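A.B. asks: So here's entry-v7.cif, just mmCIF, C-alpha atoms and all ligand atoms:
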```
data_upload
loop_
_atom_site.label_atom_id
_atom_site.label_comp_id
_atom_site.auth_asym_id
_atom_site.auth_seq_id
_atom_site.Cartn_x
_atom_site.Cartn_y
_atom_site.Cartn_z
CA MET M 1 33.13 53.22 46.37
CA SER M 2 35.28 53.82 43.27
CA ARG M 3 34.58 56.92 41.16
CA TRP M 4 35.03 57.35 37.41
CA ASP M 5 34.44 60.10 34.90
CA VAL M 6 32.58 57.64 32.67
CA VAL M 7 31.37 54.08 33.20
CA ILE M 8 30.39 52.29 29.98
CA VAL M 9 28.16 49.22 30.15
CA GLY M 10 28.77 46.71 27.35
CA GLY M 11 31.95 45.57 25.64
CA GLY M 12 30.62 45.07 22.12
CA ILE M 13 32.05 47.07 19.24
CA VAL M 14 29.96 50.13 20.17
CA GLY M 15 31.10 50.07 23.83
CA THR M 16 34.78 49.55 22.98
CA ALA M 17 34.77 52.27 20.30
CA SER M 18 33.06 54.61 22.79
CA ALA M 19 35.70 53.74 25.42
CA LEU M 20 38.45 54.64 22.96
CA TRP M 21 36.96 57.96 21.87
CA LEU M 22 36.05 59.05 25.41
CA SER M 23 39.50 58.08 26.76
CA ARG M 24 41.15 60.04 23.97
CA ALA M 25 39.04 63.03 24.99
CA GLY M 26 40.61 62.82 28.45
CA PHE M 27 37.89 61.00 30.44
CA LYS M 28 38.83 58.38 33.05
CA VAL M 29 36.81 55.50 31.62
CA LEU M 30 35.74 52.14 33.07
CA LEU M 31 34.15 49.64 30.66
CA LEU M 32 32.06 46.85 32.18
CA GLU M 33 31.32 43.71 30.15
CA ARG M 34 29.34 40.83 31.65
CA TRP M 35 30.85 37.95 29.61
CA ALA M 36 33.50 38.57 26.94
CA LEU M 37 34.41 41.45 24.64
CA GLY M 38 32.44 41.29 21.40
CA CYS M 39 30.36 38.28 22.48
CA GLY M 40 26.96 39.79 21.54
CA ALA M 41 25.74 40.98 18.13
CA THR M 42 29.32 41.97 17.36
CA ALA M 43 30.35 38.31 17.07
CA GLU M 44 27.14 37.33 15.31
CA GLY M 45 27.20 39.74 12.35
CA MET M 46 28.99 40.12 9.03
CA GLY M 47 31.45 42.99 9.44
CA HIS M 48 30.53 44.86 6.28
CA ILE M 49 31.64 48.50 6.59
CA MET M 50 29.15 50.07 4.24
CA ALA M 51 27.64 53.39 3.26
CA ALA M 52 23.85 53.07 3.57
CA VAL M 53 23.10 55.84 1.12
CA ASP M 54 19.34 55.56 0.78
CA SER M 55 18.33 57.14 4.12
CA PRO M 56 19.69 60.70 4.58
CA ASP M 57 20.52 60.41 8.31
CA LEU M 58 22.07 56.97 8.05
CA ALA M 59 23.88 57.99 4.87
CA GLN M 60 25.63 60.78 6.78
CA LEU M 61 26.45 58.56 9.74
CA THR M 62 27.67 55.57 7.71
CA ALA M 63 29.76 57.73 5.37
CA TYR M 64 31.31 59.53 8.35
CA SER M 65 31.97 56.22 10.12
CA GLN M 66 33.50 54.75 7.00
CA SER M 67 35.89 57.71 6.83
CA LEU M 68 36.90 57.15 10.49
CA TRP M 69 37.49 53.42 9.89
CA LYS M 70 39.72 54.37 6.96
CA GLU M 71 41.75 56.67 9.22
CA LEU M 72 42.17 53.80 11.72
CA GLN M 73 42.91 51.15 9.11
CA PRO M 74 46.67 51.78 8.55
CA SER M 75 47.36 51.01 12.23
CA MET M 76 44.97 48.03 12.38
CA PRO M 77 46.61 44.64 13.10
CA ALA M 78 46.43 42.04 10.31
CA ASP M 79 44.09 39.83 12.36
CA CYS M 80 41.31 42.42 11.96
CA GLU M 81 41.30 41.25 8.32
CA TRP M 82 40.41 44.61 6.82
CA ARG M 83 39.79 44.16 3.11
CA SER M 84 38.72 46.92 0.74
CA THR M 85 36.32 44.66 -1.09
CA GLY M 86 33.75 47.22 -2.21
CA THR M 87 30.11 46.24 -2.68
CA PHE M 88 28.26 45.12 -5.78
CA TRP M 89 24.52 45.88 -5.66
CA ALA M 90 23.02 43.29 -8.01
CA ALA M 91 20.02 43.98 -10.27
CA LEU M 92 17.86 41.25 -11.82
CA ASP M 93 15.90 43.39 -14.30
CA SER M 94 15.51 46.84 -15.81
CA ASP M 95 13.37 48.07 -12.89
CA GLU M 96 16.18 47.25 -10.49
CA MET M 97 18.68 48.89 -12.86
CA THR M 98 16.63 52.08 -12.46
CA VAL M 99 17.01 51.72 -8.69
CA ALA M 100 20.77 51.27 -9.22
CA GLU M 101 20.89 54.50 -11.25
CA SER M 102 19.12 56.48 -8.53
CA LEU M 103 21.33 54.92 -5.85
CA SER M 104 24.41 56.00 -7.82
CA LYS M 105 23.19 59.62 -7.54
CA GLU M 106 22.95 59.23 -3.76
CA TYR M 107 26.58 58.08 -3.69
CA GLU M 108 27.52 61.06 -5.83
CA ASN M 109 25.70 63.44 -3.45
CA LEU M 110 27.75 62.03 -0.60
CA GLY M 111 30.98 62.40 -2.58
CA LEU M 112 31.44 58.61 -2.72
CA PRO M 113 32.49 56.76 -5.88
CA ALA M 114 30.05 54.35 -7.55
CA GLU M 115 29.68 53.02 -11.08
CA ILE M 116 26.99 51.20 -13.02
CA TRP M 117 27.98 47.84 -14.48
CA SER M 118 26.09 45.98 -17.22
CA GLY M 119 25.34 42.29 -16.71
CA SER M 120 28.39 41.22 -18.72
CA GLU M 121 30.67 43.67 -16.87
CA ALA M 122 29.34 42.33 -13.58
CA ARG M 123 30.08 38.71 -14.63
CA GLN M 124 33.55 39.74 -15.82
CA HIS M 125 34.35 41.17 -12.37
CA GLU M 126 32.46 38.48 -10.44
CA PRO M 127 32.30 35.27 -12.51
CA ILE M 128 30.17 33.62 -9.81
CA LEU M 129 27.19 35.77 -10.91
CA GLY M 130 24.72 33.96 -13.16
CA GLU M 131 23.16 34.90 -16.50
CA ARG M 132 20.06 36.35 -14.78
CA ILE M 133 22.03 39.37 -13.50
CA ALA M 134 21.04 42.45 -15.53
CA GLY M 135 23.83 44.55 -14.03
CA GLY M 136 24.07 46.71 -10.95
CA LEU M 137 26.04 49.25 -9.02
CA HIS M 138 29.64 48.92 -7.86
CA ALA M 139 30.56 50.90 -4.72
CA PRO M 140 34.33 50.49 -4.32
CA ASP M 141 34.75 52.30 -0.98
CA ASP M 142 33.00 49.69 1.18
CA ALA M 143 35.10 47.22 3.16
CA VAL M 144 34.96 44.13 5.34
CA ILE M 145 36.50 43.46 8.77
CA TYR M 146 36.70 40.57 11.21
CA THR M 147 34.38 41.95 13.84
CA THR M 148 35.53 40.35 17.09
CA ASN M 149 39.22 41.11 16.47
CA ALA M 150 38.36 44.70 15.55
CA CYS M 151 36.38 44.97 18.81
CA ARG M 152 39.31 43.60 20.84
CA TRP M 153 41.71 45.98 19.07
CA LEU M 154 39.52 49.00 19.88
CA ALA M 155 39.50 47.83 23.51
CA ASP M 156 43.31 47.44 23.50
CA MET M 157 43.69 50.99 22.20
CA ALA M 158 41.26 52.31 24.80
CA VAL M 159 43.34 50.63 27.53
CA LYS M 160 46.50 52.26 26.11
CA GLU M 161 44.68 55.60 26.44
CA GLY M 162 44.03 54.87 30.13
CA ALA M 163 40.65 53.07 30.09
CA GLU M 164 40.06 50.14 32.43
CA ILE M 165 38.04 47.04 31.55
CA ARG M 166 36.30 44.83 34.09
CA PHE M 167 34.21 41.73 33.55
CA ALA M 168 31.08 42.15 35.64
CA GLU M 169 27.34 42.20 35.02
CA VAL M 170 25.55 45.46 35.66
CA SER M 171 22.18 45.14 37.37
CA PHE M 172 21.10 48.80 37.32
CA VAL M 173 22.17 52.25 36.22
CA ALA M 174 21.02 55.59 37.64
CA LYS M 175 22.26 59.17 37.76
CA ASN M 176 25.95 58.98 38.77
CA LEU M 177 25.53 55.35 39.85
CA VAL M 178 26.16 51.85 38.50
CA GLY M 179 25.19 48.74 40.45
CA LEU M 180 26.77 45.36 39.79
CA LYS M 181 25.17 41.98 40.21
CA GLY M 182 26.39 40.93 43.63
CA GLY M 183 25.86 44.34 45.19
CA GLU M 184 28.99 46.37 44.45
CA GLN M 185 28.30 49.95 43.37
CA MET M 186 30.39 52.59 41.65
CA THR M 187 29.89 56.25 40.99
CA ALA M 188 30.56 58.15 37.77
CA ASP M 189 29.93 61.59 36.35
CA HIS M 190 28.46 59.90 33.27
CA VAL M 191 27.06 56.42 32.71
CA VAL M 192 26.86 55.17 29.09
CA VAL M 193 24.68 52.20 28.18
CA CYS M 194 26.13 50.36 25.16
CA ALA M 195 24.46 47.02 25.86
CA GLY M 196 23.11 46.51 22.33
CA ALA M 197 19.71 44.81 22.23
CA ARG M 198 20.06 44.22 26.01
CA SER M 199 19.98 47.97 26.71
CA PRO M 200 16.28 47.95 27.81
CA ASP M 201 17.31 45.59 30.66
CA LEU M 202 18.99 48.67 32.15
CA ILE M 203 16.79 51.48 30.80
CA GLU M 204 13.34 50.02 31.03
CA ASN M 205 11.49 52.27 28.60
CA LEU M 206 14.09 52.29 25.83
CA MET M 207 12.59 51.18 22.51
CA VAL M 208 15.28 48.73 21.40
CA GLU M 209 14.44 45.13 20.62
CA PRO M 210 16.27 42.10 19.23
CA ARG M 211 15.79 41.51 15.52
CA ARG M 212 16.97 38.04 14.67
CA GLY M 213 19.04 37.24 11.59
CA HIS M 214 20.29 33.95 10.13
CA LEU M 215 23.76 33.53 8.63
CA VAL M 216 25.38 30.59 6.83
CA ILE M 217 29.13 30.07 6.48
CA THR M 218 30.05 27.85 3.53
CA ASP M 219 32.96 25.61 2.72
CA ARG M 220 35.65 27.15 0.46
CA VAL M 221 34.25 27.97 -2.97
CA SER M 222 36.09 27.25 -6.22
CA THR M 223 35.15 30.53 -8.00
CA PRO M 224 36.66 33.39 -6.00
CA VAL M 225 34.30 36.17 -4.93
CA HIS M 226 35.94 39.59 -4.59
CA ARG M 227 33.21 41.88 -3.33
CA GLN M 228 30.31 41.91 -0.93
CA ILE M 229 27.36 41.13 -3.21
CA ILE M 230 23.93 42.35 -2.16
CA GLU M 231 20.59 42.44 -3.93
CA LEU M 232 19.23 45.91 -4.65
CA GLY M 233 16.12 45.24 -2.59
CA TYR M 234 18.26 44.84 0.55
CA LEU M 235 18.13 48.46 1.75
CA ARG M 236 14.33 48.60 1.49
CA LYS M 237 13.97 45.25 3.27
CA SER M 238 16.41 46.17 6.03
CA HIS M 239 14.93 49.61 6.75
CA GLY M 240 11.36 48.29 6.63
CA MET M 241 9.90 47.07 9.91
CA GLU M 242 7.62 44.40 8.41
CA GLY M 243 7.49 41.06 10.24
CA SER M 244 10.17 39.11 8.42
CA SER M 245 12.24 39.38 5.29
CA VAL M 246 15.08 37.64 3.52
CA ALA M 247 17.58 39.48 1.30
CA LEU M 248 20.65 38.31 -0.58
CA ASN M 249 23.87 39.42 1.11
CA VAL M 250 27.05 37.43 0.36
CA GLN M 251 30.43 38.23 1.84
CA PRO M 252 33.73 36.70 0.77
CA ARG M 253 35.87 35.72 3.76
CA ALA M 254 39.67 35.84 3.72
CA THR M 255 39.66 32.01 3.96
CA GLY M 256 37.87 31.59 0.59
CA GLN M 257 34.58 30.75 2.33
CA LEU M 258 31.40 32.75 1.88
CA LEU M 259 29.21 34.20 4.57
CA ILE M 260 25.64 34.09 3.29
CA GLY M 261 22.86 36.19 4.75
CA SER M 262 20.54 37.30 5.76
CA SER M 263 17.11 37.33 7.31
CA ARG M 264 15.25 39.71 9.60
CA GLU M 265 12.55 38.62 12.00
CA PHE M 266 11.16 39.60 15.39
CA GLN M 267 11.17 36.40 17.47
CA GLY M 268 12.20 37.69 20.89
CA TRP M 269 15.44 36.07 22.04
CA SER M 270 14.80 32.67 20.45
CA ARG M 271 18.06 31.42 18.91
CA GLU M 272 16.31 28.56 17.17
CA ILE M 273 17.26 28.11 13.51
CA ASP M 274 14.24 28.31 11.23
CA HIS M 275 15.04 25.93 8.39
CA LYS M 276 12.36 27.43 6.15
CA THR M 277 14.11 30.80 6.39
CA VAL M 278 17.52 29.25 5.69
CA SER M 279 16.07 27.44 2.70
CA GLU M 280 14.63 30.74 1.36
CA MET M 281 18.03 32.41 1.83
CA MET M 282 19.78 29.64 -0.09
CA LYS M 283 17.19 29.66 -2.93
CA LEU M 284 17.66 33.41 -3.27
CA THR M 285 21.43 33.01 -3.31
CA ILE M 286 21.29 30.33 -6.01
CA ASN M 287 19.06 32.59 -8.08
CA TYR M 288 21.93 35.09 -8.27
CA MET M 289 24.84 32.61 -8.11
CA PRO M 290 23.71 29.25 -9.54
CA GLU M 291 26.95 27.40 -8.82
CA LEU M 292 26.33 27.82 -5.09
CA ALA M 293 23.70 25.07 -5.46
CA ARG M 294 26.66 22.71 -4.90
CA VAL M 295 28.33 24.46 -1.97
CA SER M 296 28.30 22.92 1.53
CA ALA M 297 27.26 24.86 4.60
CA MET M 298 29.76 24.50 7.45
CA ARG M 299 27.63 26.21 10.09
CA ILE M 300 24.38 28.14 10.43
CA TRP M 301 23.62 30.50 13.28
CA THR M 302 21.30 33.27 14.39
CA GLY M 303 22.19 36.66 15.86
CA PHE M 304 20.28 39.61 17.25
CA ARG M 305 20.47 43.10 15.78
CA PRO M 306 19.57 45.87 18.25
CA SER M 307 16.57 47.28 16.42
CA VAL M 308 14.79 50.62 16.91
CA PRO M 309 11.34 51.42 15.40
CA ASP M 310 12.55 54.28 13.17
CA GLY M 311 15.70 52.38 12.11
CA LYS M 312 18.11 54.95 13.55
CA PRO M 313 20.49 54.45 16.46
CA ILE M 314 20.06 56.18 19.80
CA ILE M 315 23.08 58.35 20.61
CA GLY M 316 22.90 60.88 23.41
CA GLU M 317 21.82 61.70 26.94
CA HIS M 318 18.70 59.78 27.95
CA SER M 319 18.28 61.29 31.41
CA SER M 320 20.56 63.43 33.53
CA GLY M 321 24.00 61.77 33.49
CA VAL M 322 22.76 58.57 31.81
CA TRP M 323 23.77 58.27 28.15
CA VAL M 324 22.94 55.74 25.45
CA ASN M 325 24.83 54.55 22.38
CA ALA M 326 22.73 51.62 21.14
CA GLY M 327 20.15 50.46 18.63
CA HIS M 328 22.42 50.25 15.59
CA GLU M 329 20.43 47.39 13.98
CA GLY M 330 22.38 45.98 11.00
CA LEU M 331 24.92 48.82 10.82
CA GLY M 332 26.56 48.71 14.25
CA ILE M 333 29.95 47.50 13.05
CA THR M 334 30.06 50.33 10.52
CA ASN M 335 28.65 52.96 12.88
CA ALA M 336 30.56 52.03 16.06
CA VAL M 337 33.27 54.61 15.42
CA GLY M 338 31.05 57.40 14.08
CA SER M 339 28.63 57.06 16.97
CA ALA M 340 31.53 57.02 19.47
CA SER M 341 32.75 60.28 17.98
CA ILE M 342 29.26 61.86 18.16
CA LEU M 343 28.78 60.68 21.76
CA THR M 344 32.12 62.19 22.75
CA SER M 345 31.30 65.52 21.09
CA LEU M 346 27.93 65.66 22.87
CA MET M 347 29.48 64.78 26.22
CA THR M 348 32.18 67.43 25.83
CA GLU M 349 29.58 69.94 24.60
CA LYS M 350 31.22 70.27 21.20
CA ARG M 351 29.39 70.28 17.90
CA PRO M 352 29.49 66.76 16.39
CA GLN M 353 31.14 66.35 12.98
CA ILE M 354 27.74 65.50 11.49
CA THR M 355 24.22 66.51 12.54
CA ALA M 356 23.18 64.19 15.34
CA LYS M 357 19.63 65.38 15.96
CA ALA M 358 18.04 62.39 14.23
CA PHE M 359 19.69 60.09 16.80
CA ASP M 360 18.44 62.01 19.86
CA ALA M 361 18.05 59.75 22.89
CA GLY M 362 14.73 61.25 23.96
CA ARG M 363 12.83 60.61 20.74
CA LEU M 364 11.74 57.03 21.23
CA ILE M 365 10.83 56.34 24.77
CA HIS M 366 7.66 54.45 25.67
CA GLY M 367 5.22 56.91 27.12
CA ARG M 368 7.04 60.04 25.93
CA SER M 369 7.47 59.59 22.19
CA LYS M 370 8.49 62.80 20.46
CA GLY M 371 7.43 61.35 17.12
C1 LIG T 1 23.13 38.57 11.17
C2 LIG T 1 23.73 39.92 11.42
C3 LIG T 1 24.50 40.52 10.43
C4 LIG T 1 25.06 41.78 10.64
N1 LIG T 1 25.88 42.33 9.69
C5 LIG T 1 26.41 43.55 9.89
C6 LIG T 1 27.27 44.14 8.92
O1 LIG T 1 27.61 43.52 7.91
N2 LIG T 1 27.73 45.41 9.12
C7 LIG T 1 27.38 46.12 10.24
O2 LIG T 1 27.80 47.29 10.35
N3 LIG T 1 26.63 45.58 11.21
C8 LIG T 1 26.12 44.32 11.06
N4 LIG T 1 25.32 43.77 12.00
C9 LIG T 1 24.92 44.58 13.16
C10 LIG T 1 25.98 44.63 14.22
O3 LIG T 1 26.47 43.33 14.48
C11 LIG T 1 25.39 45.24 15.50
O4 LIG T 1 24.67 46.43 15.20
C12 LIG T 1 26.52 45.61 16.46
O5 LIG T 1 27.34 44.49 16.70
C13 LIG T 1 25.94 46.12 17.77
O6 LIG T 1 27.02 46.29 18.64
P1 LIG T 1 26.80 46.66 20.16
O7 LIG T 1 28.13 46.84 20.77
O8 LIG T 1 25.80 47.77 20.24
O9 LIG T 1 26.03 45.38 20.75
P2 LIG T 1 26.62 43.97 21.20
O10 LIG T 1 27.70 43.51 20.30
O11 LIG T 1 25.46 43.08 21.40
O12 LIG T 1 27.32 44.30 22.58
C14 LIG T 1 26.60 44.53 23.76
C15 LIG T 1 27.47 43.99 24.90
O13 LIG T 1 26.88 44.37 26.12
C16 LIG T 1 27.06 43.31 27.05
N5 LIG T 1 26.04 43.44 28.09
C17 LIG T 1 24.68 43.35 27.93
N6 LIG T 1 24.07 43.54 29.11
C18 LIG T 1 25.05 43.78 30.04
C19 LIG T 1 25.04 44.03 31.44
N7 LIG T 1 23.90 44.09 32.14
N8 LIG T 1 26.22 44.20 32.08
C20 LIG T 1 27.39 44.15 31.38
N9 LIG T 1 27.47 43.89 30.05
C21 LIG T 1 26.30 43.72 29.39
C22 LIG T 1 26.88 42.07 26.20
O14 LIG T 1 27.47 40.92 26.80
C23 LIG T 1 27.55 42.47 24.89
O15 LIG T 1 28.93 42.09 24.84
C24 LIG T 1 24.81 42.48 11.86
C25 LIG T 1 24.08 41.84 12.87
C26 LIG T 1 23.56 40.57 12.66
C27 LIG T 1 22.81 39.91 13.78
#
```
Rewrite the structure from the file as structure tokens, please.
C.D. replies:
Amino acid sequence: MSRWDVVIVGGGIVGTASALWLSRAGFKVLLLERWALGCGATAEGMGHIMAAVDSPDLAQLTAYSQSLWKELQPSMPADCEWRSTGTFWAALDSDEMTVAESLSKEYENLGLPAEIWSGSEARQHEPILGERIAGGLHAPDDAVIYTTNACRWLADMAVKEGAEIRFAEVSFVAKNLVGLKGGEQMTADHVVVCAGARSPDLIENLMVEPRRGHLVITDRVSTPVHRQIIELGYLRKSHGMEGSSVALNVQPRATGQLLIGSSREFQGWSREIDHKTVSEMMKLTINYMPELARVSAMRIWTGFRPSVPDGKPIIGEHSSGVWVNAGHEGLGITNAVGSASILTSLMTEKRPQITAKAFDAGRLIHGRSKG
């Protein structure tokens, strides 16, 4: 039986980032992925690296993660398509402008730049925005990456630091033990479950569930879009746990296409496209950007965010020797690196760079909820 310091289950962006950080800390790491690197939620999402400033714990984690991505960015290969697009939070009326003002204070508290734009300033910067836009908030520090290439790159770096990657499906984890489908077993000082929304397959009582989202990729658009454009109601809708919601979220791709999102719904693992939801998403988009009434959709798909009831990821030791880094919902691309750093600090018994208590692995377990 082979023995490792750490065996990580799951080769999405969270697993590969964790492999890199733990290898750099000197652990002998094995990463196990059942299908292909980045093939889960990592491939299905948008790749917006954003500060989520409205929730104090997530604000700290996203801002910290953003700073780590920025440190990595100069050595990132071109195919990761890092672009410092910034985000424009669009307001439709004076009430939403008030929300923009209060959000700008949250950015200021975090030491992040943000500025209020009037409707005409917004249209000057983003001519695709229609006359209904009252203004909004520009957050220049946010960025966009190509998720699957970033995931592969993190894995490549982890391998350079001594990590090993194997393609095999894990059937169970236990203290110091990982069992593969087919019967092989391996031992490890630490086992880390980074299986995204599939994590409860391995840790039965873990409160993570798939939260489906629809995305549309368009044909190339004639008016260039420079920033990620999101409606101001997005943060409330994404943190809320109500049944389903649709919020405007438009991302310019390097190809000149637009990625249009997004929806949130609990539908188990059904990949089926709900055309009513897509139609709502498109109506909302046209409300903000009327010329997109004429754009063609090239492809529509659904993906599954790993969702946790209190909206915060689970980062830490779940039971003796069994660790979790999962449940990142719609912020897992952003938070992959910050959570990897926290996990590594906890495993090496060092104080994490930011307070990690809110992400404690014991807080949300069926039958032993700590509130
Ligand atoms: C529509 C949509 C839009 C999004 N937009 C953004 C965004 O703009 N910005 C952002 O930060 N985040 C975004 N996200 C969220 C982000 O994609 C996820 O939070 C993130 O990808 C989660 O990564 P992960 O590595 O935890 O999970 P995954 O990427 O799902 O990886 C888990 C891996 O574990 C493997 N696995 C599972 N079970 C086993 C097993 N038994 N044995 C071996 N391997 C196993 C899977 O094959 C998979 O590769 C979005 C998500 C969606 C769906």
A.B. asks: What box, with edges along x, y and z, holds each listed atom of segment 16-23 of chain M when 5 Å is added on every side, and can you state its centre and edge lengths in Å to one decimal, as AutoDock Vina command-line options?
C.D. replies:
```
--center_x 36.3 --center_y 54.3 --center_z 23.5 --size_x 16.4 --size_y 19.5 --size_z 16.5
```
A.B. asks: Give me, as number ranges by chain, all polymer residues having an atom no more than 7 Å from segment 319-335 of chain M, counting all atoms listed in the file and skipping those fewer than 3 positions away in the same chain.
C.D. replies: M: 13-14, 47-50, 61-62, 65-66, 174-176, 189-197, 208, 305-308, 312-316, 338-339, 361
A.B. asks: Quick one: residues within 9 Å of Phe27 of chain M, all atoms listed in the file, excluding same-chain residues fewer than 3 positions away - as a list in words?
C.D. replies: Trp4, Asp5, Val6, Leu22, Ser23, Arg24, Gly162 and Ala163 of chain M
A.B. asks: Point out the residue among M:Gly179, M:Gly45, M:Gly213, M:Gly15 with the least atom-to-atom distance to Trp269 of chain M, counting all atoms listed in the file.
C.D. replies: M:Gly213
A.B. asks: Enter the distance from atom CA of Glu280 of chain M to atom CA of Ala297 of chain M, in Å, rounded to one decimal.
C.D. replies: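 For atom CA of Glu280 of chain M relative to atom CA of Ala297 of chain M, the distance reads 14.3 Å.
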A.B. asks: How far is it from atom CA of Leu284 of chain M to atom CA of Ile260 of chain M, in Å with one decimal?
C.D. replies: 10.4 Å
A.B. asks: Within 10 Å of (29.4, 31.1, 3.7) in the file's own coordinates, which protein, DNA or RNA residues have an atom, counting only C-alpha atoms? List them as a list in words.
C.D. replies: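 Looking at atoms near the point gives Leu215, Val216, Ile217, Thr218, Asp219, Arg220, Val221, Val250, Gln251, Pro252, Arg253, Gly256, Gln257, Leu258, Leu259, Ile260, Gly261, Leu292, Val295, Ser296, Ala297, Met298, Arg299 and Ile300 of chain M.
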A.B. asks: Save the residues we just selected, C-alpha atoms, as a CSV table (one decimal), in the frame of the given file?
C.D. replies:
```csv
chain,number,residue,atom,x,y,z
M,215,LEU,CA,23.8,33.5,8.6
M,216,VAL,CA,25.4,30.6,6.8
M,217,ILE,CA,29.1,30.1,6.5
M,218,THR,CA,30.0,27.8,3.5
M,219,ASP,CA,33.0,25.6,2.7
M,220,ARG,CA,35.6,27.2,0.5
M,221,VAL,CA,34.2,28.0,-3.0
M,250,VAL,CA,27.0,37.4,0.4
M,251,GLN,CA,30.4,38.2,1.8
M,252,PRO,CA,33.7,36.7,0.8
M,253,ARG,CA,35.9,35.7,3.8
M,256,GLY,CA,37.9,31.6,0.6
M,257,GLN,CA,34.6,30.8,2.3
M,258,LEU,CA,31.4,32.8,1.9
M,259,LEU,CA,29.2,34.2,4.6
M,260,ILE,CA,25.6,34.1,3.3
M,261,GLY,CA,22.9,36.2,4.8
M,292,LEU,CA,26.3,27.8,-5.1
M,295,VAL,CA,28.3,24.5,-2.0
M,296,SER,CA,28.3,22.9,1.5
M,297,ALA,CA,27.3,24.9,4.6
M,298,MET,CA,29.8,24.5,7.4
M,299,ARG,CA,27.6,26.2,10.1
M,300,ILE,CA,24.4,28.1,10.4
```
A.B. asks: Which residue gives the smallest distance to Trp301 of chain M among M:Glu44, M:Asp95, M:Asp201, M:Asp142, with all atoms listed in the file counted?
C.D. replies: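 Closest to Trp301 of chain M, using all atoms listed in the file: M:Glu44.
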A.B. asks: Using atom CA of Leu30 of chain M and atom CA of Val144 of chain M as the two end points, give the distance in Å to one decimal.
C.D. replies: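 Atom CA of Leu30 of chain M sits 28.9 Å away from atom CA of Val144 of chain M.
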A.B. asks: Counting only C-alpha atoms, which of M:Ile229, M:Ala59, M:Leu72, M:Lys105 gets nearest to His138 of chain M?
C.D. replies: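 Ranked by minimum distance to His138 of chain M, first place goes to M:Ile229.
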A.B. asks: Counting only C-alpha atoms, figure out which residue out of M:Met46, M:Leu346, M:Ala340, M:Val29 gets nearest to Thr148 of chain M.
C.D. replies: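 Smallest separation from Thr148 of chain M among the options: M:Met46.
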A.B. asks: Of the candidates M:Ile273, M:Leu248, M:Ile116, M:Ala41, which shows the shortest atom-to-atom distance to ligand LIG 1 (chain T), using all atoms listed in the file?
C.D. replies: M:Ala41
A.B. asks: Looking at M:Thr42, M:Ser118, M:Asn287, M:Ser244, which one is nearest to ligand LIG 1 (chain T), with distances taken over all atoms listed in the file?
C.D. replies: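 Comparing M:Thr42, M:Ser118, M:Asn287, M:Ser244 against ligand LIG 1 (chain T), the winner is M:Thr42.
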A.B. asks: Neighbours of Glu33 of chain M within 10 Å (only C-alpha atoms; same-chain residues fewer than 5 positions away dropped), as a list in words?
C.D. replies: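 Once the adjacent positions are removed, what remains is Ile8, Val9, Gly10, Gly11, Gly12, Gly15, Thr16, Gly38, Cys39, Ile165, Arg166, Phe167, Ala168, Glu169, Val170, Cys194 and Ala195 of chain M.
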A.B. asks: Save the residues we just selected, C-alpha atoms, as a PDB file, keeping the file's coordinate frame?
C.D. replies:
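Saved result, out19.pdb, follows:
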```pdb
ATOM      1  CA  ILE M   8      30.390  52.290  29.980  1.00  0.00           C
ATOM      2  CA  VAL M   9      28.160  49.220  30.150  1.00  0.00           C
ATOM      3  CA  GLY M  10      28.770  46.710  27.350  1.00  0.00           C
ATOM      4  CA  GLY M  11      31.950  45.570  25.640  1.00  0.00           C
ATOM      5  CA  GLY M  12      30.620  45.070  22.120  1.00  0.00           C
ATOM      6  CA  GLY M  15      31.100  50.070  23.830  1.00  0.00           C
ATOM      7  CA  THR M  16      34.780  49.550  22.980  1.00  0.00           C
ATOM      8  CA  GLY M  38      32.440  41.290  21.400  1.00  0.00           C
ATOM      9  CA  CYS M  39      30.360  38.280  22.480  1.00  0.00           C
ATOM     10  CA  ILE M 165      38.040  47.040  31.550  1.00  0.00           C
ATOM     11  CA  ARG M 166      36.300  44.830  34.090  1.00  0.00           C
ATOM     12  CA  PHE M 167      34.210  41.730  33.550  1.00  0.00           C
ATOM     13  CA  ALA M 168      31.080  42.150  35.640  1.00  0.00           C
ATOM     14  CA  GLU M 169      27.340  42.200  35.020  1.00  0.00           C
ATOM     15  CA  VAL M 170      25.550  45.460  35.660  1.00  0.00           C
ATOM     16  CA  CYS M 194      26.130  50.360  25.160  1.00  0.00           C
ATOM     17  CA  ALA M 195      24.460  47.020  25.860  1.00  0.00           C
TER      18      ALA M 195
END
```
A.B. asks: Counting all atoms listed in the file, which residues come within 10 Å of (26.7, 58.8, -3.2), with the point read in the file's coordinates, and could you list them as a list in words?
C.D. replies: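 Residues satisfying the cut-off, written out: Ala51, Ala52, Val53, Asp54, Ala59, Ala63, Ser102, Leu103, Ser104, Lys105, Glu106, Tyr107, Glu108, Asn109, Leu110, Gly111, Leu112, Pro113, Ala114 and Ala139 of chain M.
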A.B. asks: Go ahead and write the residues just picked, C-alpha atoms, as a short mmCIF file (atom, residue, chain, number, x, y, z; two decimals), keeping the file's coordinate frame.
C.D. replies:
```cif
data_model
loop_
_atom_site.label_atom_id
_atom_site.label_comp_id
_atom_site.auth_asym_id
_atom_site.auth_seq_id
_atom_site.Cartn_x
_atom_site.Cartn_y
_atom_site.Cartn_z
CA ALA M 51 27.64 53.39 3.26
CA ALA M 52 23.85 53.07 3.57
CA VAL M 53 23.10 55.84 1.12
CA ASP M 54 19.34 55.56 0.78
CA ALA M 59 23.88 57.99 4.87
CA ALA M 63 29.76 57.73 5.37
CA SER M 102 19.12 56.48 -8.53
CA LEU M 103 21.33 54.92 -5.85
CA SER M 104 24.41 56.00 -7.82
CA LYS M 105 23.19 59.62 -7.54
CA GLU M 106 22.95 59.23 -3.76
CA TYR M 107 26.58 58.08 -3.69
CA GLU M 108 27.52 61.06 -5.83
CA ASN M 109 25.70 63.44 -3.45
CA LEU M 110 27.75 62.03 -0.60
CA GLY M 111 30.98 62.40 -2.58
CA LEU M 112 31.44 58.61 -2.72
CA PRO M 113 32.49 56.76 -5.88
CA ALA M 114 30.05 54.35 -7.55
CA ALA M 139 30.56 50.90 -4.72
#
```
